[in-house]
file work13.csv (CSV, C-alpha atoms)
chain,number,residue,atom,x,y,z
A,1,MET,CA,6.6,25.3,-14.3
A,2,SER,CA,3.7,23.0,-14.0
A,3,THR,CA,0.7,23.3,-16.2
A,4,THR,CA,-2.5,24.8,-14.9
A,5,ARG,CA,-4.6,21.7,-15.7
A,6,THR,CA,-2.9,19.8,-12.9
A,7,ASP,CA,-2.1,22.4,-10.3
A,8,PHE,CA,-5.6,22.5,-8.7
A,9,GLN,CA,-5.2,25.1,-5.9
A,10,ASP,CA,-8.3,25.7,-4.0
A,11,PRO,CA,-7.6,26.5,-0.3
A,12,ASP,CA,-11.3,27.1,0.4
A,13,ALA,CA,-12.0,23.5,-0.4
A,14,LEU,CA,-9.8,22.1,2.3
A,15,GLU,CA,-12.1,20.3,4.7
A,16,SER,CA,-11.5,18.7,8.0
A,17,GLY,CA,-11.2,15.0,7.6
A,18,GLY,CA,-8.7,12.3,7.2
A,19,VAL,CA,-5.1,12.5,6.1
A,20,LEU,CA,-6.0,12.6,2.4
A,21,GLU,CA,-7.8,15.9,2.8
A,22,THR,CA,-5.8,17.5,5.6
A,23,ARG,CA,-2.3,16.6,4.4
A,24,LEU,CA,-2.1,15.5,0.7
A,25,ILE,CA,-4.6,17.5,-1.3
A,26,LYS,CA,-6.3,20.9,-1.2
A,27,ILE,CA,-9.3,20.3,-3.4
A,28,GLY,CA,-11.5,18.3,-1.1
A,29,ARG,CA,-12.1,14.5,-1.2
A,30,GLU,CA,-15.2,14.7,-3.4
A,31,ARG,CA,-13.5,16.7,-6.1
A,32,PHE,CA,-10.4,14.5,-5.9
A,33,ALA,CA,-12.6,11.4,-6.3
A,34,ASP,CA,-14.6,12.7,-9.2
A,35,ASP,CA,-11.9,14.6,-11.2
A,36,VAL,CA,-8.5,13.1,-10.3
A,37,TRP,CA,-8.5,9.6,-8.8
A,38,GLY,CA,-7.2,7.2,-11.3
A,39,ARG,CA,-7.5,9.8,-14.1
A,40,THR,CA,-4.9,12.5,-14.1
A,41,ALA,CA,-1.8,13.8,-12.3
A,42,LEU,CA,-2.3,16.4,-9.6
A,43,LEU,CA,0.3,18.8,-8.1
A,44,THR,CA,-0.4,20.3,-4.7
A,45,ARG,CA,1.9,23.0,-3.5
A,46,GLY,CA,2.5,23.3,0.2
A,47,ALA,CA,0.2,20.5,1.1
A,48,SER,CA,1.7,19.9,4.5
A,49,ASP,CA,4.8,19.9,6.8
A,50,PHE,CA,6.0,16.3,6.6
A,51,SER,CA,8.8,16.6,9.1
A,52,ASP,CA,6.8,14.5,11.6
A,53,LEU,CA,6.7,11.6,9.2
A,54,PHE,CA,10.3,11.4,8.0
A,55,SER,CA,13.7,13.2,7.9
A,56,ALA,CA,17.4,12.9,7.2
A,57,GLU,CA,17.9,11.8,10.8
A,58,ALA,CA,15.4,9.0,10.2
A,59,VAL,CA,17.4,7.9,7.2
A,60,ASP,CA,20.6,7.7,9.2
A,61,GLU,CA,19.0,5.8,12.0
A,62,LEU,CA,17.4,3.2,9.7
A,63,ILE,CA,20.6,2.6,7.8
A,64,SER,CA,23.1,2.6,10.6
A,65,ARG,CA,21.3,1.5,13.8
A,66,ARG,CA,18.2,-0.7,13.0
A,67,GLY,CA,20.0,-3.8,11.6
A,68,LEU,CA,17.8,-3.7,8.4
A,69,ARG,CA,18.3,-6.4,5.9
A,70,THR,CA,17.5,-6.7,2.2
A,71,PRO,CA,15.0,-6.2,0.6
A,72,PHE,CA,14.4,-3.2,2.9
A,73,LEU,CA,16.8,-1.2,0.8
A,74,ARG,CA,17.7,-0.9,-2.9
A,75,VAL,CA,20.6,1.2,-4.3
A,76,ALA,CA,20.4,2.6,-7.8
A,77,LYS,CA,22.4,4.8,-10.1
A,78,GLY,CA,22.0,5.8,-13.7
A,79,GLY,CA,18.9,3.7,-14.2
A,80,SER,CA,20.4,0.5,-12.9
A,81,THR,CA,20.3,-1.2,-9.4
A,82,PHE,CA,23.3,-2.5,-7.6
A,83,PRO,CA,23.4,-6.2,-6.5
A,84,ASP,CA,22.5,-6.6,-2.8
A,85,SER,CA,25.9,-8.1,-2.1
A,86,SER,CA,27.6,-4.8,-2.9
A,87,PHE,CA,26.1,-3.0,0.1
A,88,THR,CA,25.4,-5.8,2.7
A,89,SER,CA,27.7,-7.7,5.0
A,90,PRO,CA,27.5,-10.2,8.0
A,91,ALA,CA,26.2,-8.7,11.2
A,92,GLY,CA,29.0,-9.8,13.4
A,93,VAL,CA,29.2,-11.8,16.7
A,94,GLY,CA,25.8,-13.0,17.9
A,95,ALA,CA,23.9,-12.3,14.7
A,96,THR,CA,25.1,-14.6,11.9
A,97,ILE,CA,23.1,-12.9,9.2
A,98,SER,CA,24.9,-12.2,6.0
A,99,ASP,CA,22.7,-9.6,4.4
A,100,GLN,CA,22.4,-6.8,6.8
A,101,LEU,CA,23.0,-3.3,5.5
A,102,ASP,CA,26.7,-2.2,5.5
A,103,ASP,CA,26.6,1.5,6.4
A,104,THR,CA,30.2,2.1,5.2
A,105,ALA,CA,29.5,0.6,1.8
A,106,LEU,CA,26.3,2.6,1.5
A,107,TRP,CA,28.0,5.8,2.4
A,108,ARG,CA,30.6,5.2,-0.4
A,109,LYS,CA,27.9,4.5,-3.0
A,110,PHE,CA,25.9,7.5,-1.9
A,111,ALA,CA,28.9,9.8,-2.0
A,112,ASP,CA,29.5,8.5,-5.6
A,113,GLY,CA,26.0,9.5,-6.7
A,114,ALA,CA,23.8,6.5,-5.9
A,115,THR,CA,20.2,6.8,-4.8
A,116,LEU,CA,19.2,4.9,-1.6
A,117,VAL,CA,15.7,3.5,-1.6
A,118,LEU,CA,14.4,2.5,1.8
A,119,GLN,CA,11.6,0.1,1.0
A,120,ALA,CA,8.5,-0.9,3.0
A,121,LEU,CA,8.7,2.0,5.5
A,122,HIS,CA,5.2,1.2,6.5
A,123,ARG,CA,6.8,-1.8,8.3
A,124,THR,CA,9.9,-0.2,9.7
A,125,TRP,CA,9.2,3.5,10.7
A,126,GLU,CA,6.3,4.1,13.1
A,127,PRO,CA,5.2,7.5,11.9
A,128,VAL,CA,5.0,6.2,8.3
A,129,THR,CA,3.3,3.0,9.5
A,130,ASP,CA,0.5,5.0,11.2
A,131,PHE,CA,0.1,7.4,8.3
A,132,SER,CA,0.0,4.6,5.7
A,133,SER,CA,-2.5,2.6,7.7
A,134,ARG,CA,-4.8,5.6,8.0
A,135,LEU,CA,-4.6,6.5,4.3
A,136,SER,CA,-5.3,2.9,3.3
A,137,THR,CA,-8.4,2.9,5.5
A,138,GLU,CA,-9.6,6.1,3.9
A,139,LEU,CA,-8.9,5.0,0.3
A,140,GLY,CA,-10.0,1.4,0.7
A,141,HIS,CA,-6.8,0.2,-1.1
A,142,PRO,CA,-3.6,-1.2,0.3
A,143,VAL,CA,-0.7,1.4,0.8
A,144,GLN,CA,3.0,0.8,0.9
A,145,ALA,CA,5.7,3.4,1.6
A,146,ASN,CA,9.2,3.9,0.2
A,147,ALA,CA,11.8,6.7,0.7
A,148,TYR,CA,14.1,7.9,-2.0
A,149,ILE,CA,17.3,9.6,-0.9
A,150,THR,CA,19.2,11.1,-3.9
A,151,PRO,CA,22.5,13.0,-3.9
A,152,PRO,CA,22.7,16.5,-5.5
A,153,GLN,CA,22.3,16.6,-9.3
A,154,ASN,CA,21.7,12.8,-9.5
A,155,ARG,CA,18.8,10.6,-10.6
A,156,GLY,CA,18.3,7.0,-9.6
A,157,PHE,CA,15.9,5.7,-12.3
A,158,ASP,CA,15.2,6.4,-16.0
A,159,ASP,CA,11.7,7.4,-17.3
A,160,HIS,CA,9.3,4.7,-16.3
A,161,TYR,CA,5.8,4.0,-15.1
A,162,ASP,CA,4.5,2.3,-12.0
A,163,VAL,CA,1.8,-0.4,-11.8
A,164,HIS,CA,0.2,1.3,-8.8
A,165,ASP,CA,-0.9,4.9,-8.1
A,166,VAL,CA,1.5,7.0,-6.0
A,167,PHE,CA,1.6,10.1,-3.8
A,168,VAL,CA,5.0,11.7,-3.8
A,169,LEU,CA,5.7,13.7,-0.6
A,170,GLN,CA,8.8,15.9,-0.8
A,171,ILE,CA,10.5,15.8,2.6
A,172,GLU,CA,13.8,17.6,2.3
A,173,GLY,CA,15.7,19.3,-0.6
A,174,THR,CA,14.3,19.7,-4.0
A,175,LYS,CA,13.7,17.5,-7.0
A,176,ARG,CA,12.7,18.1,-10.6
A,177,TRP,CA,9.9,15.9,-11.8
A,178,ILE,CA,9.1,15.4,-15.5
A,179,ILE,CA,5.8,13.7,-16.1
A,180,HIS,CA,4.3,12.4,-19.4
A,181,GLU,CA,0.9,10.9,-20.1
A,182,PRO,CA,0.6,7.1,-20.2
A,183,VAL,CA,1.6,4.9,-23.2
A,184,HIS,CA,-0.5,2.1,-21.6
A,185,THR,CA,-3.4,3.2,-19.5
A,186,ASP,CA,-4.1,1.6,-16.1
A,187,PRO,CA,-1.4,-1.2,-16.3
A,188,LEU,CA,-2.0,-4.3,-14.3
A,189,ARG,CA,0.5,-5.8,-11.9
A,190,ASP,CA,1.9,-8.1,-14.6
A,191,GLN,CA,2.3,-5.3,-17.2
A,192,PRO,CA,5.5,-3.5,-16.1
A,193,TRP,CA,7.0,-0.6,-18.0
A,194,THR,CA,9.9,-2.9,-19.1
A,195,ASP,CA,7.5,-4.6,-21.4
A,196,ARG,CA,7.2,-1.3,-23.3
A,197,ARG,CA,10.7,0.0,-22.8
A,198,SER,CA,11.2,1.5,-26.3
A,199,THR,CA,7.7,3.0,-26.3
A,200,VAL,CA,8.3,4.6,-22.9
A,201,ALA,CA,11.7,6.0,-24.0
A,202,GLU,CA,10.1,7.5,-27.2
A,203,ALA,CA,7.2,9.1,-25.3
A,204,ALA,CA,9.6,10.6,-22.8
A,205,LYS,CA,11.1,12.7,-25.6
A,206,GLY,CA,7.8,14.5,-26.1
A,207,GLU,CA,6.4,17.5,-24.4
A,208,ALA,CA,6.0,17.0,-20.7
A,209,TYR,CA,2.6,17.1,-19.0
A,210,ILE,CA,4.3,18.4,-15.9
A,211,ASN,CA,7.9,19.7,-15.6
A,212,THR,CA,8.4,21.2,-12.2
A,213,VAL,CA,10.6,21.2,-9.1
A,214,LEU,CA,9.1,19.8,-5.9
A,215,GLU,CA,10.0,21.6,-2.7
A,216,PRO,CA,9.5,20.4,0.9
A,217,GLY,CA,5.7,20.1,1.6
A,218,ASP,CA,4.7,19.6,-2.0
A,219,VAL,CA,2.7,16.6,-3.1
A,220,LEU,CA,2.4,15.0,-6.5
A,221,TYR,CA,-0.2,12.4,-7.3
A,222,LEU,CA,0.3,10.1,-10.3
A,223,PRO,CA,-2.1,7.4,-11.4
A,224,ARG,CA,-0.6,4.1,-12.4
A,225,GLY,CA,0.8,4.2,-15.9
A,226,TRP,CA,1.9,7.8,-15.9
A,227,LEU,CA,5.5,8.2,-17.0
A,228,HIS,CA,8.0,10.0,-14.7
A,229,ALA,CA,11.6,10.7,-14.0
A,230,ALA,CA,13.1,12.8,-11.3
A,231,GLN,CA,16.5,14.4,-10.6
A,232,ALA,CA,17.8,16.0,-7.4
A,233,GLN,CA,18.8,19.7,-7.6
A,234,GLY,CA,21.6,21.4,-5.7
A,235,GLU,CA,21.2,19.5,-2.5
A,236,VAL,CA,20.3,16.0,-1.1
A,237,SER,CA,16.6,15.2,-1.9
A,238,ILE,CA,14.5,13.0,0.3
A,239,HIS,CA,10.9,12.1,-0.7
A,240,LEU,CA,8.4,9.6,0.3
A,241,THR,CA,6.4,7.6,-2.2
A,242,LEU,CA,3.2,6.2,-1.0
A,243,GLY,CA,2.2,3.4,-3.4
A,244,ILE,CA,-1.5,2.7,-3.7
A,245,HIS,CA,-2.1,-0.8,-4.9
A,246,SER,CA,-5.5,-0.1,-6.4
A,247,TRP,CA,-8.2,-2.7,-6.6
A,248,THR,CA,-9.4,-3.2,-10.2
A,249,ARG,CA,-12.4,-4.8,-11.9
A,250,TYR,CA,-9.9,-7.3,-13.3
A,251,ALA,CA,-8.8,-8.2,-9.8
A,252,LEU,CA,-12.4,-8.7,-8.8
A,253,ALA,CA,-12.9,-10.9,-11.9
A,254,GLU,CA,-9.9,-13.0,-10.9
A,255,GLN,CA,-11.5,-13.5,-7.4
A,256,LEU,CA,-14.9,-14.4,-9.0
A,257,ALA,CA,-13.3,-16.8,-11.4
A,258,GLN,CA,-11.4,-18.6,-8.6
A,259,ALA,CA,-14.6,-18.8,-6.5
A,260,ALA,CA,-16.4,-20.4,-9.5
A,261,LEU,CA,-13.6,-22.8,-10.2
A,262,ALA,CA,-13.6,-23.9,-6.5
A,263,ALA,CA,-17.3,-24.6,-6.8
A,264,LEU,CA,-16.8,-26.7,-9.9
A,265,CYS,CA,-14.5,-29.0,-8.0
A,266,ASP,CA,-17.7,-30.4,-6.4
A,267,ASP,CA,-19.4,-31.0,-9.8
A,268,PRO,CA,-19.0,-34.7,-10.8
A,269,GLU,CA,-19.6,-33.8,-14.5
A,270,MET,CA,-16.7,-31.3,-14.5
A,271,ARG,CA,-14.4,-33.9,-13.0
A,272,HIS,CA,-15.4,-36.4,-15.7
A,273,THR,CA,-12.6,-37.7,-18.0
A,274,LEU,CA,-12.8,-36.6,-21.6
A,275,PRO,CA,-13.6,-39.4,-24.2
A,276,LEU,CA,-10.9,-41.9,-25.1
A,277,GLY,CA,-8.9,-40.8,-28.1
A,278,VAL,CA,-10.5,-37.4,-28.3
A,279,ASP,CA,-8.9,-35.3,-31.0
A,280,GLY,CA,-10.1,-31.9,-30.0
A,281,PRO,CA,-12.7,-30.6,-27.5
A,282,ASN,CA,-15.6,-31.0,-29.9
A,283,GLY,CA,-18.7,-30.2,-27.8
A,284,GLU,CA,-16.8,-30.3,-24.5
A,285,ILE,CA,-15.9,-26.6,-24.6
A,286,ASP,CA,-19.6,-25.7,-24.9
A,287,VAL,CA,-20.4,-27.8,-21.9
A,288,VAL,CA,-17.6,-26.3,-19.8
A,289,ARG,CA,-18.5,-22.8,-20.9
A,290,GLU,CA,-22.1,-23.3,-19.8
A,291,ARG,CA,-21.2,-24.8,-16.4
A,292,LEU,CA,-18.5,-22.2,-15.8
A,293,ALA,CA,-21.0,-19.4,-16.6
A,294,ALA,CA,-23.5,-20.9,-14.2
A,295,ALA,CA,-20.9,-21.2,-11.5
A,296,VAL,CA,-19.9,-17.5,-11.8
A,297,VAL,CA,-23.6,-16.5,-11.5
A,298,GLU,CA,-24.0,-18.7,-8.4
A,299,ALA,CA,-20.7,-17.9,-6.7
A,300,GLU,CA,-20.9,-16.5,-3.2
A,301,THR,CA,-19.6,-12.9,-3.4
A,302,SER,CA,-20.7,-11.2,-0.2
A,303,SER,CA,-17.4,-11.7,1.4
A,304,LEU,CA,-15.2,-12.3,-1.7
A,305,PHE,CA,-13.7,-8.8,-1.8
A,306,HIS,CA,-13.1,-8.6,2.0
A,307,ARG,CA,-11.4,-12.0,2.3
A,308,THR,CA,-8.8,-11.0,-0.4
A,309,ARG,CA,-8.4,-7.5,1.0
A,310,ARG,CA,-7.6,-8.9,4.5
A,311,GLY,CA,-4.7,-10.9,3.0
A,312,GLN,CA,-3.2,-7.8,1.4
A,313,GLY,CA,-2.3,-5.9,4.6
A,314,ARG,CA,-1.3,-6.3,8.2
A,315,PRO,CA,-3.1,-5.2,11.4
A,316,ALA,CA,-1.6,-2.5,13.6
A,317,PRO,CA,1.3,-3.5,15.8
A,318,LEU,CA,0.6,-5.5,18.9
A,319,GLY,CA,3.0,-5.7,21.9
A,320,PRO,CA,3.0,-9.2,23.4
A,321,LEU,CA,4.1,-7.9,26.9
A,322,ALA,CA,1.5,-5.2,27.0
A,323,GLN,CA,-1.1,-7.7,25.8
A,324,LEU,CA,-0.2,-10.2,28.5
A,325,ALA,CA,-0.3,-7.4,31.1
A,326,ALA,CA,-3.8,-6.5,29.9
A,327,VAL,CA,-5.0,-10.1,30.2
A,328,ASP,CA,-3.5,-10.6,33.6
A,329,GLY,CA,-4.9,-7.3,34.9
A,330,LEU,CA,-8.3,-7.6,33.4
A,331,SER,CA,-11.1,-6.2,35.5
A,332,PRO,CA,-14.6,-4.7,34.8
A,333,GLU,CA,-13.0,-1.3,34.7
A,334,SER,CA,-10.4,-2.2,32.0
A,335,VAL,CA,-10.5,-0.1,28.9
A,336,VAL,CA,-10.1,-1.6,25.5
A,337,ARG,CA,-10.7,-1.0,21.8
A,338,LEU,CA,-10.6,-2.8,18.5
A,339,ARG,CA,-7.1,-3.2,17.1
A,340,ASP,CA,-6.5,-0.9,14.2
A,341,ALA,CA,-6.3,-2.1,10.5
A,342,LEU,CA,-7.8,-5.4,11.5
A,343,GLU,CA,-10.4,-5.5,8.6
A,344,ALA,CA,-12.9,-7.0,11.1
A,345,ARG,CA,-16.2,-8.1,9.6
A,346,LEU,CA,-19.2,-9.8,11.2
A,347,GLU,CA,-20.6,-12.5,9.0
A,348,GLY,CA,-23.5,-14.2,10.7
A,349,LEU,CA,-22.1,-15.6,14.0
A,350,ARG,CA,-18.5,-15.4,12.8
A,351,LEU,CA,-16.1,-12.5,13.2
A,352,THR,CA,-13.5,-12.6,10.5
A,353,THR,CA,-10.3,-10.5,10.8
A,354,ARG,CA,-6.7,-10.3,9.6
A,355,VAL,CA,-5.6,-12.4,12.5
A,356,GLY,CA,-8.2,-15.2,12.0
A,357,TRP,CA,-11.8,-15.9,12.7
A,358,LEU,CA,-13.9,-16.5,15.8
A,359,ASP,CA,-17.4,-17.9,16.2
A,360,PHE,CA,-19.7,-16.5,18.9
A,361,PRO,CA,-23.1,-17.4,20.4
A,362,ALA,CA,-25.9,-15.1,19.4
A,363,THR,CA,-25.9,-13.6,22.9
A,364,ASP,CA,-22.5,-12.0,22.2
A,365,LEU,CA,-23.6,-10.3,19.0
A,366,PRO,CA,-24.7,-7.0,20.6
A,367,SER,CA,-21.3,-6.7,22.2
A,368,ILE,CA,-19.4,-7.7,19.0
A,369,THR,CA,-21.4,-5.1,17.1
A,370,ARG,CA,-20.6,-2.4,19.6
A,371,LEU,CA,-16.8,-3.0,19.5
A,372,LEU,CA,-16.8,-2.9,15.7
A,373,ASP,CA,-17.4,0.9,16.0
A,374,GLY,CA,-13.8,1.3,16.9
A,375,GLU,CA,-14.6,3.4,20.0
A,376,ILE,CA,-13.2,2.8,23.5
A,377,HIS,CA,-15.2,0.5,25.7
A,378,THR,CA,-14.9,-0.9,29.2
A,379,ALA,CA,-14.8,-4.6,29.9
A,380,SER,CA,-18.0,-4.4,31.9
A,381,ASP,CA,-19.7,-2.8,28.8
A,382,LEU,CA,-18.8,-5.7,26.5
A,383,GLY,CA,-18.5,-8.5,29.1
A,384,VAL,CA,-15.3,-9.5,30.9
A,385,GLU,CA,-15.2,-13.0,29.5
A,386,LEU,CA,-15.7,-11.9,26.0
A,387,VAL,CA,-13.0,-9.2,26.4
A,388,GLU,CA,-10.5,-11.7,27.7
A,389,ARG,CA,-11.2,-14.0,24.7
A,390,LEU,CA,-10.7,-11.2,22.3
A,391,LEU,CA,-7.5,-9.9,24.0
A,392,ARG,CA,-6.0,-13.4,23.8
A,393,ALA,CA,-7.0,-13.6,20.1
A,394,GLY,CA,-5.3,-10.2,19.4
A,395,VAL,CA,-8.6,-8.6,18.3
A,396,LEU,CA,-8.9,-6.1,21.2
A,397,VAL,CA,-6.0,-4.1,22.6
A,398,PRO,CA,-5.7,-2.2,25.9
A,399,VAL,CA,-6.0,1.5,26.0
A,400,GLU,CA,-3.5,3.4,28.2
A,401,GLN,CA,-5.1,5.6,30.9

call {"tool": "encode", "arguments": {"input": "work13.csv", "output": "structure tokens"}}
result
Amino acid sequence: MSTTRTDFQDPDALESGGVLETRLIKIGRERFADDVWGRTALLTRGASDFSDLFSAEAVDELISRRGLRTPFLRVAKGGSTFPDSSFTSPAGVGATISDQLDDTALWRKFADGATLVLQALHRTWEPVTDFSSRLSTELGHPVQANAYITPPQNRGFDDHYDVHDVFVLQIEGTKRWIIHEPVHTDPLRDQPWTDRRSTVAEAAKGEAYINTVLEPGDVLYLPRGWLHAAQAQGEVSIHLTLGIHSWTRYALAEQLAQAALAALCDDPEMRHTLPLGVDGPNGEIDVVRERLAAAVVEAETSSLFHRTRRGQGRPAPLGPLAQLAAVDGLSPESVVRLRDALEARLEGLRLTTRVGWLDFPATDLPSITRLLDGEIHTASDLGVELVERLLRAGVLVPVEQ
């Protein structure tokens, strides 16, 4: 059974809102943000029916009919992963690709107790793509999605921790999860559990913080660093793991330092050669420290976070044929909207997005500001010429009527 300190059940707190509140938790966004996010594990029983997101049929289709390649799939058993060559093969006539998934090889490994890990489902399965995009927008952090398919009574990985937060969504079957508190709090991306393998193994022998079986519809939230291991019970288990790649103060410090260093490139004194025969920095370090500190203070930070965040995700899918039809058939009555997950931001007279930037005359700013609300607009409302330009740039997309 799980401990009461993590099983926050509060049906009355369920509020209408985004996918976080309506499908992943029952304690309300505010309480989750204040008491749980990045702090502690949270178990939510019967959070939602996830059959619309993923299923056993989806697994079979992705493996046998979609022509997936590595690294869209990993295979693991007993804590070790198999080499890609053991479950891939050439695609046959007309597709000379040597690393497509071999469904026969995968079936044999699965029947022998191996766990199949379908990676980056936010790129390959539309329902998960849409869900992940919405969750990322709500949380303000990038989201990835993997599916773990484990045969009965088997486990794919030993006790370990992740360097990102996760929501575990049990889709089909059941799986026992054993959770322990961190041995290294809030690990960064370059601080994997393998650096502390012996410490992790020792901690996993202690009393569990959570020891429970997840059933379909249950959700488990784990901050990065929390130790976990899971084992399927008497039937095949399928669960989705939504990985939240949290922004940290350290990440912001990295961006700020890079901005400062870029500025120092234009400082002639910083480009100056050290004295001939110098046998140590002497006073040079003091000079550098002073100028670096000044550059950090003076660094332009208004769009620093947004520029980096844009590079950590992709915009919503865009169909080139539908886009061409929208351009060719454009009229004042055409209906359009801002493309989802574009991370669009107006900076002066420049619109910056995940698909590039565009400069506009001041006369277009009222229309640009209106389209950034994400609502549906007609071409006549925004201006037909402006709409055409933004359709061609992949910033606006047509709305089916």

call {"tool": "closest_residue", "arguments": {"input": "work13.csv", "among": "A:His122, A:Glu298, A:Arg189, A:Leu169", "to": "Pro317 of chain A", "atoms": "only C-alpha atoms"}}
result
A:His122

call {"tool": "residues_around", "arguments": {"input": "work13.csv", "residues": "segment 244-256 of chain A", "least_positions_apart": "3", "cutoff": "10 Å", "atoms": "all atoms listed in the file", "output": "PDB file with C-alpha atoms, in the coordinates of the input"}}
result
ATOM      1  CA  GLY A  38      -7.200   7.200 -11.300  1.00  0.00           C
ATOM      2  CA  SER A 132       0.000   4.600   5.700  1.00  0.00           C
ATOM      3  CA  LEU A 135      -4.600   6.500   4.300  1.00  0.00           C
ATOM      4  CA  SER A 136      -5.300   2.900   3.300  1.00  0.00           C
ATOM      5  CA  LEU A 139      -8.900   5.000   0.300  1.00  0.00           C
ATOM      6  CA  GLY A 140     -10.000   1.400   0.700  1.00  0.00           C
ATOM      7  CA  HIS A 141      -6.800   0.200  -1.100  1.00  0.00           C
ATOM      8  CA  PRO A 142      -3.600  -1.200   0.300  1.00  0.00           C
ATOM      9  CA  VAL A 143      -0.700   1.400   0.800  1.00  0.00           C
ATOM     10  CA  GLN A 144       3.000   0.800   0.900  1.00  0.00           C
ATOM     11  CA  ALA A 145       5.700   3.400   1.600  1.00  0.00           C
ATOM     12  CA  VAL A 163       1.800  -0.400 -11.800  1.00  0.00           C
ATOM     13  CA  HIS A 164       0.200   1.300  -8.800  1.00  0.00           C
ATOM     14  CA  ASP A 165      -0.900   4.900  -8.100  1.00  0.00           C
ATOM     15  CA  VAL A 166       1.500   7.000  -6.000  1.00  0.00           C
ATOM     16  CA  PHE A 167       1.600  10.100  -3.800  1.00  0.00           C
ATOM     17  CA  ASP A 186      -4.100   1.600 -16.100  1.00  0.00           C
ATOM     18  CA  LEU A 188      -2.000  -4.300 -14.300  1.00  0.00           C
ATOM     19  CA  ARG A 189       0.500  -5.800 -11.900  1.00  0.00           C
ATOM     20  CA  PRO A 223      -2.100   7.400 -11.400  1.00  0.00           C
ATOM     21  CA  ARG A 224      -0.600   4.100 -12.400  1.00  0.00           C
ATOM     22  CA  THR A 241       6.400   7.600  -2.200  1.00  0.00           C
ATOM     23  CA  ALA A 259     -14.600 -18.800  -6.500  1.00  0.00           C
ATOM     24  CA  ALA A 260     -16.400 -20.400  -9.500  1.00  0.00           C
ATOM     25  CA  LEU A 261     -13.600 -22.800 -10.200  1.00  0.00           C
ATOM     26  CA  ALA A 262     -13.600 -23.900  -6.500  1.00  0.00           C
ATOM     27  CA  ALA A 295     -20.900 -21.200 -11.500  1.00  0.00           C
ATOM     28  CA  VAL A 296     -19.900 -17.500 -11.800  1.00  0.00           C
ATOM     29  CA  VAL A 297     -23.600 -16.500 -11.500  1.00  0.00           C
ATOM     30  CA  ALA A 299     -20.700 -17.900  -6.700  1.00  0.00           C
ATOM     31  CA  GLU A 300     -20.900 -16.500  -3.200  1.00  0.00           C
ATOM     32  CA  THR A 301     -19.600 -12.900  -3.400  1.00  0.00           C
ATOM     33  CA  LEU A 304     -15.200 -12.300  -1.700  1.00  0.00           C
ATOM     34  CA  PHE A 305     -13.700  -8.800  -1.800  1.00  0.00           C
ATOM     35  CA  ARG A 307     -11.400 -12.000   2.300  1.00  0.00           C
ATOM     36  CA  THR A 308      -8.800 -11.000  -0.400  1.00  0.00           C
ATOM     37  CA  ARG A 309      -8.400  -7.500   1.000  1.00  0.00           C
ATOM     38  CA  GLN A 312      -3.200  -7.800   1.400  1.00  0.00           C
TER      39      GLN A 312
END

call {"tool": "residues_around", "arguments": {"input": "work13.csv", "residues": "Ala47 of chain A", "least_positions_apart": "3", "cutoff": "6 Å", "atoms": "all atoms listed in the file", "output": "VMD selection string"}}
result
chain A and resid 23 to 24 44 217 to 218

call {"tool": "closest_residue", "arguments": {"input": "work13.csv", "among": "A:Arg31, A:Arg337, A:Arg66, A:Arg45", "to": "Thr212 of chain A", "atoms": "all atoms listed in the file"}}
result
A:Arg45

call {"tool": "atom_distance", "arguments": {"input": "work13.csv", "atom1": "atom CA of Leu321 of chain A", "atom2": "atom CA of Leu338 of chain A"}}
result
17.7 Å

call {"tool": "closest_residue", "arguments": {"input": "work13.csv", "among": "A:Val236, A:Val93, A:Asp34, A:Trp357", "to": "Ala111 of chain A", "atoms": "all atoms listed in the file"}}
result
A:Val236

call {"tool": "atom_distance", "arguments": {"input": "work13.csv", "atom1": "atom CA of Thr185 of chain A", "atom2": "atom CA of Val168 of chain A"}}
result
19.7 Å

call {"tool": "residues_around", "arguments": {"input": "work13.csv", "residues": "segment 372-377 of chain A", "least_positions_apart": "6", "cutoff": "12 Å", "atoms": "only C-alpha atoms", "output": "ChimeraX atom specification"}}
result
/A:332-346,351-353,365-366,383-384,387,395-401

call {"tool": "closest_residue", "arguments": {"input": "work13.csv", "among": "A:Leu390, A:Asp162, A:Thr22, A:Gly348", "to": "Asp190 of chain A", "atoms": "only C-alpha atoms"}}
result
A:Asp162

call {"tool": "atom_distance", "arguments": {"input": "work13.csv", "atom1": "atom CA of Leu220 of chain A", "atom2": "atom CA of Ala201 of chain A"}}
result
21.8 Å

call {"tool": "closest_residue", "arguments": {"input": "work13.csv", "among": "A:Met270, A:Val213, A:Trp226, A:His239", "to": "Glu290 of chain A", "atoms": "all atoms listed in the file"}}
result
A:Met270

call {"tool": "closest_residue", "arguments": {"input": "work13.csv", "among": "A:Pro83, A:Phe131, A:Ala41, A:Leu276", "to": "His180 of chain A", "atoms": "all atoms listed in the file"}}
result
A:Ala41

call {"tool": "residues_near_point", "arguments": {"input": "work13.csv", "point": "(19.0, 1.1, -2.5)", "cutoff": "6 Å", "atoms": "all atoms listed in the file", "output": "list in words"}}
result
Leu73, Arg74, Val75, Ala76, Leu116 and Val117 of chain A
